[in-house]
file input-v2.txt (compact mmCIF, C-alpha atoms)
# COMPACT_ATOMS: atom_id res chain seq x y z
CA MET A 1 -30.24 -55.58 -10.33
CA GLY A 2 -31.92 -52.51 -8.82
CA VAL A 3 -29.77 -49.74 -7.39
CA PRO A 4 -30.69 -48.65 -3.84
CA ARG A 5 -32.17 -45.16 -3.66
CA TYR A 6 -29.67 -44.04 -1.03
CA TYR A 7 -26.82 -44.81 -3.46
CA PHE A 8 -27.67 -41.72 -5.54
CA TYR A 9 -27.97 -39.66 -2.38
CA ARG A 10 -24.48 -40.73 -1.26
CA ILE A 11 -23.04 -39.95 -4.71
CA HIS A 12 -24.44 -36.40 -4.62
CA VAL A 13 -23.12 -35.82 -1.11
CA LEU A 14 -19.64 -37.00 -2.11
CA LEU A 15 -19.65 -34.79 -5.21
CA PHE A 16 -20.64 -31.78 -3.11
CA ILE A 17 -17.86 -32.44 -0.60
CA SER A 18 -15.33 -32.84 -3.41
CA ILE A 19 -16.31 -29.55 -5.04
CA LEU A 20 -16.22 -27.77 -1.69
CA GLY A 21 -12.75 -29.20 -1.06
CA LEU A 22 -11.45 -27.81 -4.34
CA HIS A 23 -12.39 -24.33 -3.22
CA SER A 24 -11.27 -24.57 0.39
CA TRP A 25 -8.17 -26.79 0.39
CA PRO A 26 -5.39 -24.70 1.99
CA SER A 27 -2.47 -23.64 -0.16
CA GLY A 28 -0.14 -20.67 -0.35
CA ALA A 29 -2.29 -18.86 -2.91
CA SER A 30 -5.76 -19.78 -1.65
CA ALA A 31 -4.87 -18.74 1.90
CA ARG A 32 -4.80 -15.16 0.69
CA VAL A 33 -7.75 -12.80 0.84
CA SER A 34 -9.60 -11.56 -2.21
CA ILE A 35 -6.81 -10.18 -4.33
CA SER A 36 -8.05 -6.64 -4.83
CA PRO A 37 -10.85 -4.40 -3.56
CA PHE A 38 -11.07 -2.96 -7.07
CA LYS A 39 -12.72 -4.32 -10.17
CA GLU A 40 -10.81 -6.79 -12.32
CA ASN A 41 -8.49 -5.30 -14.97
CA SER A 42 -8.51 -1.89 -13.27
CA THR A 43 -5.35 0.13 -12.67
CA VAL A 44 -5.04 1.47 -9.13
CA ILE A 45 -3.58 4.94 -8.53
CA VAL A 46 -1.55 5.37 -5.34
CA ALA A 47 -0.78 8.95 -4.30
CA HIS A 48 2.81 8.46 -3.12
CA ARG A 49 3.14 10.16 0.29
CA GLY A 50 0.09 12.02 -0.93
CA ALA A 51 0.30 14.03 -4.13
CA SER A 52 3.85 14.81 -3.10
CA GLY A 53 4.80 16.38 -6.42
CA TYR A 54 2.47 19.25 -5.59
CA ALA A 55 2.80 19.64 -1.81
CA PRO A 56 5.11 18.63 1.05
CA GLU A 57 5.12 14.85 1.37
CA ASN A 58 3.23 13.12 4.17
CA THR A 59 1.30 16.25 5.13
CA LEU A 60 -2.43 16.92 5.20
CA ASP A 61 -2.05 19.27 2.22
CA SER A 62 -0.40 16.54 0.18
CA TYR A 63 -3.13 14.07 1.10
CA ARG A 64 -5.90 16.57 0.35
CA ILE A 65 -4.58 17.03 -3.18
CA GLY A 66 -4.28 13.26 -3.64
CA VAL A 67 -7.91 12.79 -2.59
CA ARG A 68 -9.04 15.67 -4.82
CA MET A 69 -7.24 14.04 -7.76
CA GLN A 70 -9.22 10.85 -7.12
CA ALA A 71 -6.30 8.62 -6.20
CA ASP A 72 -7.49 5.20 -5.02
CA TYR A 73 -5.05 5.22 -2.10
CA ILE A 74 -3.11 7.86 -0.27
CA GLU A 75 0.16 6.29 0.84
CA ILE A 76 1.25 6.99 4.42
CA ASP A 77 4.66 6.14 5.91
CA LEU A 78 4.30 5.33 9.60
CA ARG A 79 6.74 5.69 12.49
CA LEU A 80 6.35 5.95 16.26
CA THR A 81 7.47 8.89 18.37
CA LYS A 82 9.28 8.46 21.68
CA ASP A 83 5.95 8.73 23.48
CA GLY A 84 4.25 6.16 21.24
CA GLU A 85 2.33 8.32 18.77
CA LEU A 86 1.92 7.23 15.15
CA ILE A 87 3.07 9.93 12.72
CA ALA A 88 3.45 10.19 8.96
CA MET A 89 7.15 10.42 8.13
CA HIS A 90 9.27 8.58 5.59
CA ASP A 91 12.77 9.04 7.00
CA GLU A 92 14.01 7.85 10.38
CA THR A 93 15.02 11.44 11.16
CA VAL A 94 13.19 14.74 10.78
CA ASP A 95 16.20 16.35 9.08
CA ARG A 96 15.19 16.23 5.40
CA THR A 97 11.54 17.31 5.60
CA THR A 98 11.50 19.71 8.56
CA ASN A 99 13.60 22.51 10.02
CA GLY A 100 14.66 20.24 12.88
CA THR A 101 17.15 17.46 13.47
CA GLY A 102 17.04 14.16 15.28
CA LEU A 103 15.74 10.61 15.27
CA ILE A 104 11.97 10.31 15.42
CA LYS A 105 12.16 7.52 17.99
CA ASN A 106 14.03 9.89 20.32
CA MET A 107 11.54 12.77 19.97
CA THR A 108 8.14 13.31 21.54
CA LEU A 109 5.09 14.27 19.51
CA THR A 110 5.17 17.74 21.07
CA GLU A 111 8.74 18.24 19.88
CA ILE A 112 7.88 17.08 16.37
CA LYS A 113 4.73 19.21 16.21
CA ALA A 114 6.86 22.29 16.91
CA LEU A 115 8.70 21.81 13.58
CA ASP A 116 8.04 23.38 10.18
CA ALA A 117 7.38 20.50 7.77
CA GLY A 118 6.49 22.59 4.72
CA SER A 119 9.00 25.34 3.98
CA TRP A 120 11.60 22.88 2.63
CA PHE A 121 9.19 22.06 -0.21
CA ASN A 122 8.95 25.70 -1.27
CA ASP A 123 12.73 25.95 -1.37
CA LYS A 124 13.02 22.79 -3.46
CA ASN A 125 10.01 23.17 -5.73
CA GLN A 126 9.30 26.74 -6.69
CA ALA A 127 6.84 25.74 -9.42
CA TYR A 128 4.35 24.29 -6.92
CA GLY A 129 5.44 26.03 -3.73
CA SER A 130 2.91 27.99 -1.69
CA GLU A 131 2.90 30.24 1.34
CA GLU A 132 0.26 27.92 2.73
CA TYR A 133 2.92 25.28 3.20
CA VAL A 134 5.05 27.42 5.50
CA ASN A 135 4.97 25.97 9.01
CA GLU A 136 2.95 22.93 7.87
CA LYS A 137 2.88 20.33 10.66
CA VAL A 138 3.71 16.64 10.69
CA PRO A 139 0.34 14.86 11.01
CA THR A 140 -0.51 11.92 13.22
CA LEU A 141 -2.34 8.96 11.71
CA LYS A 142 -5.28 9.85 13.94
CA GLU A 143 -5.42 13.35 12.45
CA ILE A 144 -5.32 11.90 8.93
CA PHE A 145 -8.21 9.55 9.70
CA GLU A 146 -10.15 12.38 11.34
CA THR A 147 -9.64 14.55 8.25
CA PHE A 148 -10.56 12.06 5.52
CA GLY A 149 -12.51 9.27 7.19
CA LYS A 150 -14.07 6.99 4.60
CA ASP A 151 -13.63 9.44 1.72
CA THR A 152 -10.48 7.64 0.55
CA ARG A 153 -8.43 4.48 1.03
CA TYR A 154 -5.14 4.33 2.89
CA LEU A 155 -2.02 2.42 1.90
CA LEU A 156 -0.17 2.28 5.22
CA GLU A 157 3.53 1.45 5.33
CA THR A 158 5.18 0.16 8.48
CA LYS A 159 8.63 1.75 8.37
CA ALA A 160 11.48 -0.09 10.13
CA PRO A 161 9.02 -1.78 12.52
CA GLU A 162 11.89 -3.48 14.33
CA ASP A 163 12.78 -0.02 15.69
CA TYR A 164 9.22 0.71 16.82
CA PRO A 165 7.82 -2.11 18.99
CA GLY A 166 4.04 -2.17 18.95
CA LEU A 167 3.70 -0.18 15.72
CA GLU A 168 1.44 -2.75 14.02
CA GLU A 169 -0.83 -3.15 17.03
CA LYS A 170 -1.28 0.62 17.46
CA MET A 171 -1.94 1.04 13.75
CA LEU A 172 -4.60 -1.69 13.56
CA LYS A 173 -6.24 -0.50 16.77
CA LEU A 174 -6.62 2.99 15.30
CA VAL A 175 -7.95 1.56 12.04
CA GLU A 176 -10.54 -0.42 13.98
CA ASP A 177 -11.48 2.56 16.16
CA PHE A 178 -12.30 4.58 13.03
CA GLY A 179 -14.10 1.71 11.31
CA LEU A 180 -11.66 1.76 8.39
CA THR A 181 -10.73 -1.92 8.16
CA ARG A 182 -12.14 -2.12 4.62
CA HIS A 183 -10.44 1.11 3.62
CA ILE A 184 -6.81 0.13 4.15
CA ALA A 185 -3.99 -1.92 2.69
CA VAL A 186 -0.58 -2.32 4.30
CA GLN A 187 2.89 -2.56 2.79
CA SER A 188 6.32 -3.11 4.28
CA ILE A 189 9.87 -4.16 3.54
CA SER A 190 9.56 -6.28 6.68
CA LYS A 191 8.15 -9.75 6.08
CA GLU A 192 7.79 -10.21 9.84
CA SER A 193 5.66 -7.07 10.11
CA LEU A 194 3.30 -8.24 7.36
CA LYS A 195 2.98 -11.69 8.91
CA LYS A 196 2.17 -10.13 12.26
CA ILE A 197 -0.61 -8.13 10.63
CA ARG A 198 -1.92 -11.18 8.77
CA LYS A 199 -2.24 -13.10 12.05
CA ARG A 200 -4.44 -10.37 13.44
CA ASN A 201 -6.42 -9.59 10.28
CA LYS A 202 -6.86 -12.18 7.53
CA ASP A 203 -8.66 -9.80 5.16
CA VAL A 204 -6.49 -6.70 4.85
CA PRO A 205 -4.55 -6.56 1.53
CA LEU A 206 -0.80 -6.81 2.18
CA PHE A 207 2.12 -5.89 -0.08
CA GLN A 208 5.70 -7.12 0.29
CA LEU A 209 8.03 -4.28 -0.67
CA PHE A 210 11.35 -4.71 -2.44
CA TRP A 211 14.09 -2.20 -3.16
CA TYR A 212 16.35 -3.44 -5.94
CA LYS A 213 19.79 -1.93 -6.49
CA ASN A 214 20.32 -4.05 -9.61
CA PRO A 215 17.90 -5.33 -12.28
CA ALA A 216 15.08 -7.04 -10.41
CA SER A 217 14.74 -10.78 -10.22
CA ILE A 218 12.68 -13.05 -8.01
CA SER A 219 12.52 -16.81 -7.68
CA SER A 220 9.41 -18.95 -7.98
CA ALA A 221 10.06 -20.21 -4.45
CA ARG A 222 10.05 -16.65 -3.08
CA LEU A 223 6.83 -15.88 -4.92
CA ARG A 224 5.19 -18.95 -3.43
CA GLU A 225 6.33 -17.87 0.02
CA ILE A 226 4.94 -14.36 -0.43
CA SER A 227 1.64 -15.81 -1.65
CA GLY A 228 1.26 -17.45 1.74
CA TYR A 229 0.94 -14.16 3.63
CA ALA A 230 0.55 -11.26 1.16
CA ASN A 231 -1.54 -10.23 -1.82
CA GLY A 232 1.04 -8.39 -3.84
CA ILE A 233 4.45 -6.88 -4.33
CA GLY A 234 5.74 -3.32 -4.50
CA ALA A 235 9.06 -2.76 -6.30
CA ASN A 236 11.04 0.20 -7.59
CA PHE A 237 9.97 0.69 -11.19
CA LEU A 238 13.36 1.55 -12.65
CA ARG A 239 14.70 -1.92 -11.77
CA ILE A 240 11.84 -4.08 -13.06
CA ASP A 241 10.92 -5.09 -16.59
CA GLU A 242 8.01 -6.72 -18.40
CA SER A 243 9.21 -10.26 -17.67
CA TYR A 244 9.33 -9.48 -13.93
CA VAL A 245 5.78 -8.12 -14.09
CA ARG A 246 4.59 -11.21 -15.94
CA LYS A 247 6.26 -13.58 -13.46
CA VAL A 248 4.71 -11.85 -10.45
CA LYS A 249 1.25 -11.79 -12.00
CA ASN A 250 1.49 -15.42 -13.12
CA ALA A 251 2.12 -16.27 -9.47
CA GLY A 252 -1.29 -14.77 -8.65
CA LEU A 253 0.14 -11.67 -6.97
CA LEU A 254 -0.60 -8.01 -7.60
CA LEU A 255 2.22 -5.67 -8.60
CA TYR A 256 2.31 -1.97 -7.65
CA PRO A 257 5.63 -0.43 -8.78
CA TYR A 258 6.92 2.82 -7.33
CA THR A 259 7.53 5.73 -7.95
CA VAL A 260 6.41 6.45 -11.52
CA ASN A 261 6.29 10.15 -12.34
CA TYR A 262 7.08 10.61 -16.02
CA PRO A 263 4.52 9.96 -18.79
CA LEU A 264 6.86 7.69 -20.73
CA ASN A 265 7.34 5.44 -17.69
CA MET A 266 3.64 5.55 -16.88
CA GLU A 267 2.83 4.42 -20.40
CA MET A 268 5.36 1.60 -20.11
CA ALA A 269 4.00 0.43 -16.75
CA LEU A 270 0.45 0.36 -18.13
CA ARG A 271 1.57 -1.54 -21.21
CA TRP A 272 3.25 -4.15 -19.01
CA GLY A 273 -0.05 -4.67 -17.21
CA VAL A 274 0.82 -3.64 -13.68
CA ASP A 275 -2.10 -3.62 -11.26
CA GLY A 276 -1.36 -0.29 -9.62
CA VAL A 277 1.13 2.57 -9.74
CA HIS A 278 2.64 4.76 -7.02
CA THR A 279 3.09 8.31 -8.28
CA ASP A 280 3.73 11.79 -6.93
CA TYR A 281 1.41 13.12 -9.68
CA PRO A 282 -1.92 11.25 -9.57
CA ASP A 283 -3.52 13.57 -12.13
CA ARG A 284 -0.89 12.75 -14.76
CA LEU A 285 -1.50 9.04 -14.36
CA MET A 286 -5.28 9.46 -14.38
CA LYS A 287 -5.09 11.10 -17.81
CA MET A 288 -3.10 8.19 -19.21
CA ILE A 289 -5.32 5.35 -18.03
CA PRO A 290 -7.95 4.38 -20.63
CA GLU A 291 -11.45 4.75 -19.23
CA GLY A 292 -12.09 1.03 -19.62
CA ILE A 293 -9.42 0.11 -17.07
CA ARG A 294 -9.85 2.94 -14.60
CA HIS A 295 -10.75 2.17 -11.04
CA LEU A 296 -14.05 4.04 -11.26

call {"tool": "encode", "arguments": {"input": "input-v2.txt", "output": "structure tokens"}}
result
Amino acid sequence: MGVPRYYFYRIHVLLFISILGLHSWPSGASARVSISPFKENSTVIVAHRGASGYAPENTLDSYRIGVRMQADYIEIDLRLTKDGELIAMHDETVDRTTNGTGLIKNMTLTEIKALDAGSWFNDKNQAYGSEEYVNEKVPTLKEIFETFGKDTRYLLETKAPEDYPGLEEKMLKLVEDFGLTRHIAVQSISKESLKKIRKRNKDVPLFQLFWYKNPASISSARLREISGYANGIGANFLRIDESYVRKVKNAGLLLYPYTVNYPLNMEMALRWGVDGVHTDYPDRLMKMIPEGIRHL
């Protein structure tokens, strides 16, 4: 019996639809964006608060050194001032890294700009201290973008976003204004903050941060949940081990441990196969990464 010509046409159409479905069927993992803006098997260098081993953290000088050392990302901690300005500052107060005192959310940008954010570094780190750091100012995110533009990538961290309503919206608006959407990734301890960002931008790489007080562990269920809204995990290096790294990577997530400053730990992290490393000394890490797995 002859087979109608349209039969073969229908078979091909159904095969095409089936193949397309395999690639587009929604799931926790496939909902994520392309996992990394860098080539496969590369190791990403994150300048932690800039090259903060060599200059005061979260300052333009620290970021300049990080860029000069060819870090893939300069990491920037973000908080909002009382008058709604985005600034680079890790702590909730200015006490540790300036000559002032007080909660950032209770201070205006003018008040924060009046502070010396560099002299403390000279007192603490005589080996790399410099007179140039005296009276260094706390930068705004806008000033950082104006200074470096598209010459680097930015790993932005939303710090305690529950204390700073509108932080994510202001951050993304500034990123868009400078045309830097493809030059950023975002990390946070706050799952809610990352989900808020994902709703507004489906393409930006997101990292769920963890701070472990005890040896790190994570369940398969938690990894599946994270895969639904983020691309990777950041965790404190001294609490993770090779099995943790393997479990995260097997779940299809990136792993960027922090903060890895000593060559022995850098070597260990690279041997475990982490995807990126936060460090205060980007040049040290660069020297340890074999050329075949560098980002360049």

call {"tool": "residues_around", "arguments": {"input": "input-v2.txt", "residues": "region 240-251 of chain A", "least_positions_apart": "4", "cutoff": "12 Å", "atoms": "all atoms listed in the file", "output": "PyMOL selection string"}}
result
chain A and resi 28-30+35+208+210-228+230-236+255-260+265+268-276

call {"tool": "residues_around", "arguments": {"input": "input-v2.txt", "residues": "region 177-194 of chain A", "least_positions_apart": "4", "cutoff": "9 Å", "atoms": "all atoms listed in the file", "output": "ChimeraX atom specification"}}
result
/A:37,73,142,145-146,149-150,152-162,168,172-173,198-199,203-211,226,229-230,233-234

call {"tool": "closest_residue", "arguments": {"input": "input-v2.txt", "among": "A:Arg79, A:Lys195, A:Lys202, A:Asp116", "to": "Leu141 (chain A)", "atoms": "all atoms listed in the file"}}
result
A:Arg79

call {"tool": "residues_near_point", "arguments": {"input": "input-v2.txt", "point": "(-5.4, 13.6, -10.4)", "cutoff": "9 Å", "atoms": "only C-alpha atoms", "output": "list in words"}}
result
Ala47, Ala51, Ile65, Gly66, Val67, Arg68, Met69, Gln70, Ala71, Tyr281, Pro282, Asp283, Arg284, Leu285, Met286 and Lys287 of chain A

call {"tool": "atom_distance", "arguments": {"input": "input-v2.txt", "atom1": "CA of Asp72 (chain A)", "atom2": "CA of Ile144 (chain A)"}}
result
15.6 Å

call {"tool": "atom_distance", "arguments": {"input": "input-v2.txt", "atom1": "CA of Glu75 (chain A)", "atom2": "CA of Gly118 (chain A)"}}
result
17.9 Å

call {"tool": "build_atoms", "arguments": {"input": "input-v2.txt", "residues": "region 111-142 of chain A", "atoms": "N, CA and C atoms", "output": "short mmCIF file (atom, residue, chain, number, x, y, z; two decimals), keeping the file's coordinate frame"}}
result
data_model
loop_
_atom_site.label_atom_id
_atom_site.label_comp_id
_atom_site.auth_asym_id
_atom_site.auth_seq_id
_atom_site.Cartn_x
_atom_site.Cartn_y
_atom_site.Cartn_z
N GLU A 111 7.52 17.72 20.52
CA GLU A 111 8.74 18.24 19.88
C GLU A 111 8.61 18.23 18.36
N ILE A 112 8.03 17.18 17.82
CA ILE A 112 7.88 17.08 16.37
C ILE A 112 6.83 18.07 15.86
N LYS A 113 5.78 18.27 16.61
CA LYS A 113 4.73 19.21 16.21
C LYS A 113 5.22 20.66 16.20
N ALA A 114 6.31 20.93 16.89
CA ALA A 114 6.86 22.29 16.91
C ALA A 114 7.64 22.62 15.64
N LEU A 115 7.86 21.62 14.77
CA LEU A 115 8.70 21.81 13.58
C LEU A 115 7.90 22.29 12.38
N ASP A 116 8.59 22.94 11.47
CA ASP A 116 8.04 23.38 10.18
C ASP A 116 8.31 22.27 9.16
N ALA A 117 7.23 21.62 8.70
CA ALA A 117 7.38 20.50 7.77
C ALA A 117 7.00 20.87 6.34
N GLY A 118 6.92 22.18 6.04
CA GLY A 118 6.49 22.59 4.72
C GLY A 118 7.42 23.50 3.96
N SER A 119 8.17 24.34 4.66
CA SER A 119 9.00 25.34 3.98
C SER A 119 10.05 24.72 3.07
N TRP A 120 10.59 23.56 3.45
CA TRP A 120 11.60 22.88 2.63
C TRP A 120 11.08 22.62 1.22
N PHE A 121 9.77 22.35 1.11
CA PHE A 121 9.19 22.06 -0.21
C PHE A 121 9.23 23.30 -1.09
N ASN A 122 8.92 24.45 -0.51
CA ASN A 122 8.95 25.70 -1.27
C ASN A 122 10.35 26.00 -1.78
N ASP A 123 11.34 25.71 -0.96
CA ASP A 123 12.73 25.95 -1.37
C ASP A 123 13.14 25.02 -2.50
N LYS A 124 12.62 23.81 -2.48
CA LYS A 124 13.02 22.79 -3.46
C LYS A 124 12.19 22.84 -4.73
N ASN A 125 10.95 23.26 -4.61
CA ASN A 125 10.01 23.17 -5.73
C ASN A 125 9.26 24.48 -5.91
N GLN A 126 9.89 25.41 -6.54
CA GLN A 126 9.30 26.74 -6.69
C GLN A 126 8.06 26.73 -7.57
N ALA A 127 7.98 25.79 -8.51
CA ALA A 127 6.84 25.74 -9.42
C ALA A 127 5.53 25.48 -8.68
N TYR A 128 5.58 24.64 -7.64
CA TYR A 128 4.35 24.29 -6.92
C TYR A 128 4.38 24.75 -5.46
N GLY A 129 5.37 25.54 -5.09
CA GLY A 129 5.44 26.03 -3.73
C GLY A 129 4.29 26.97 -3.41
N SER A 130 4.00 27.12 -2.13
CA SER A 130 2.91 27.99 -1.69
C SER A 130 3.19 28.49 -0.28
N GLU A 131 2.78 29.71 -0.02
CA GLU A 131 2.90 30.24 1.34
C GLU A 131 2.10 29.43 2.34
N GLU A 132 1.08 28.73 1.85
CA GLU A 132 0.26 27.92 2.73
C GLU A 132 1.04 26.76 3.35
N TYR A 133 2.14 26.40 2.71
CA TYR A 133 2.92 25.28 3.20
C TYR A 133 3.91 25.68 4.30
N VAL A 134 4.13 26.96 4.47
CA VAL A 134 5.05 27.42 5.50
C VAL A 134 4.50 27.04 6.88
N ASN A 135 5.32 26.41 7.67
CA ASN A 135 4.97 25.97 9.01
C ASN A 135 3.90 24.87 9.01
N GLU A 136 3.80 24.12 7.91
CA GLU A 136 2.95 22.93 7.87
C GLU A 136 3.45 21.94 8.93
N LYS A 137 2.53 21.23 9.57
CA LYS A 137 2.88 20.33 10.66
C LYS A 137 2.91 18.88 10.22
N VAL A 138 3.70 18.08 10.91
CA VAL A 138 3.71 16.64 10.69
C VAL A 138 2.42 16.07 11.28
N PRO A 139 1.61 15.37 10.48
CA PRO A 139 0.34 14.86 11.01
C PRO A 139 0.49 13.51 11.69
N THR A 140 -0.39 13.26 12.64
CA THR A 140 -0.51 11.92 13.22
C THR A 140 -1.47 11.11 12.34
N LEU A 141 -1.40 9.80 12.46
CA LEU A 141 -2.34 8.96 11.71
C LEU A 141 -3.77 9.26 12.16
N LYS A 142 -3.95 9.52 13.43
CA LYS A 142 -5.28 9.85 13.94
C LYS A 142 -5.81 11.11 13.26
#
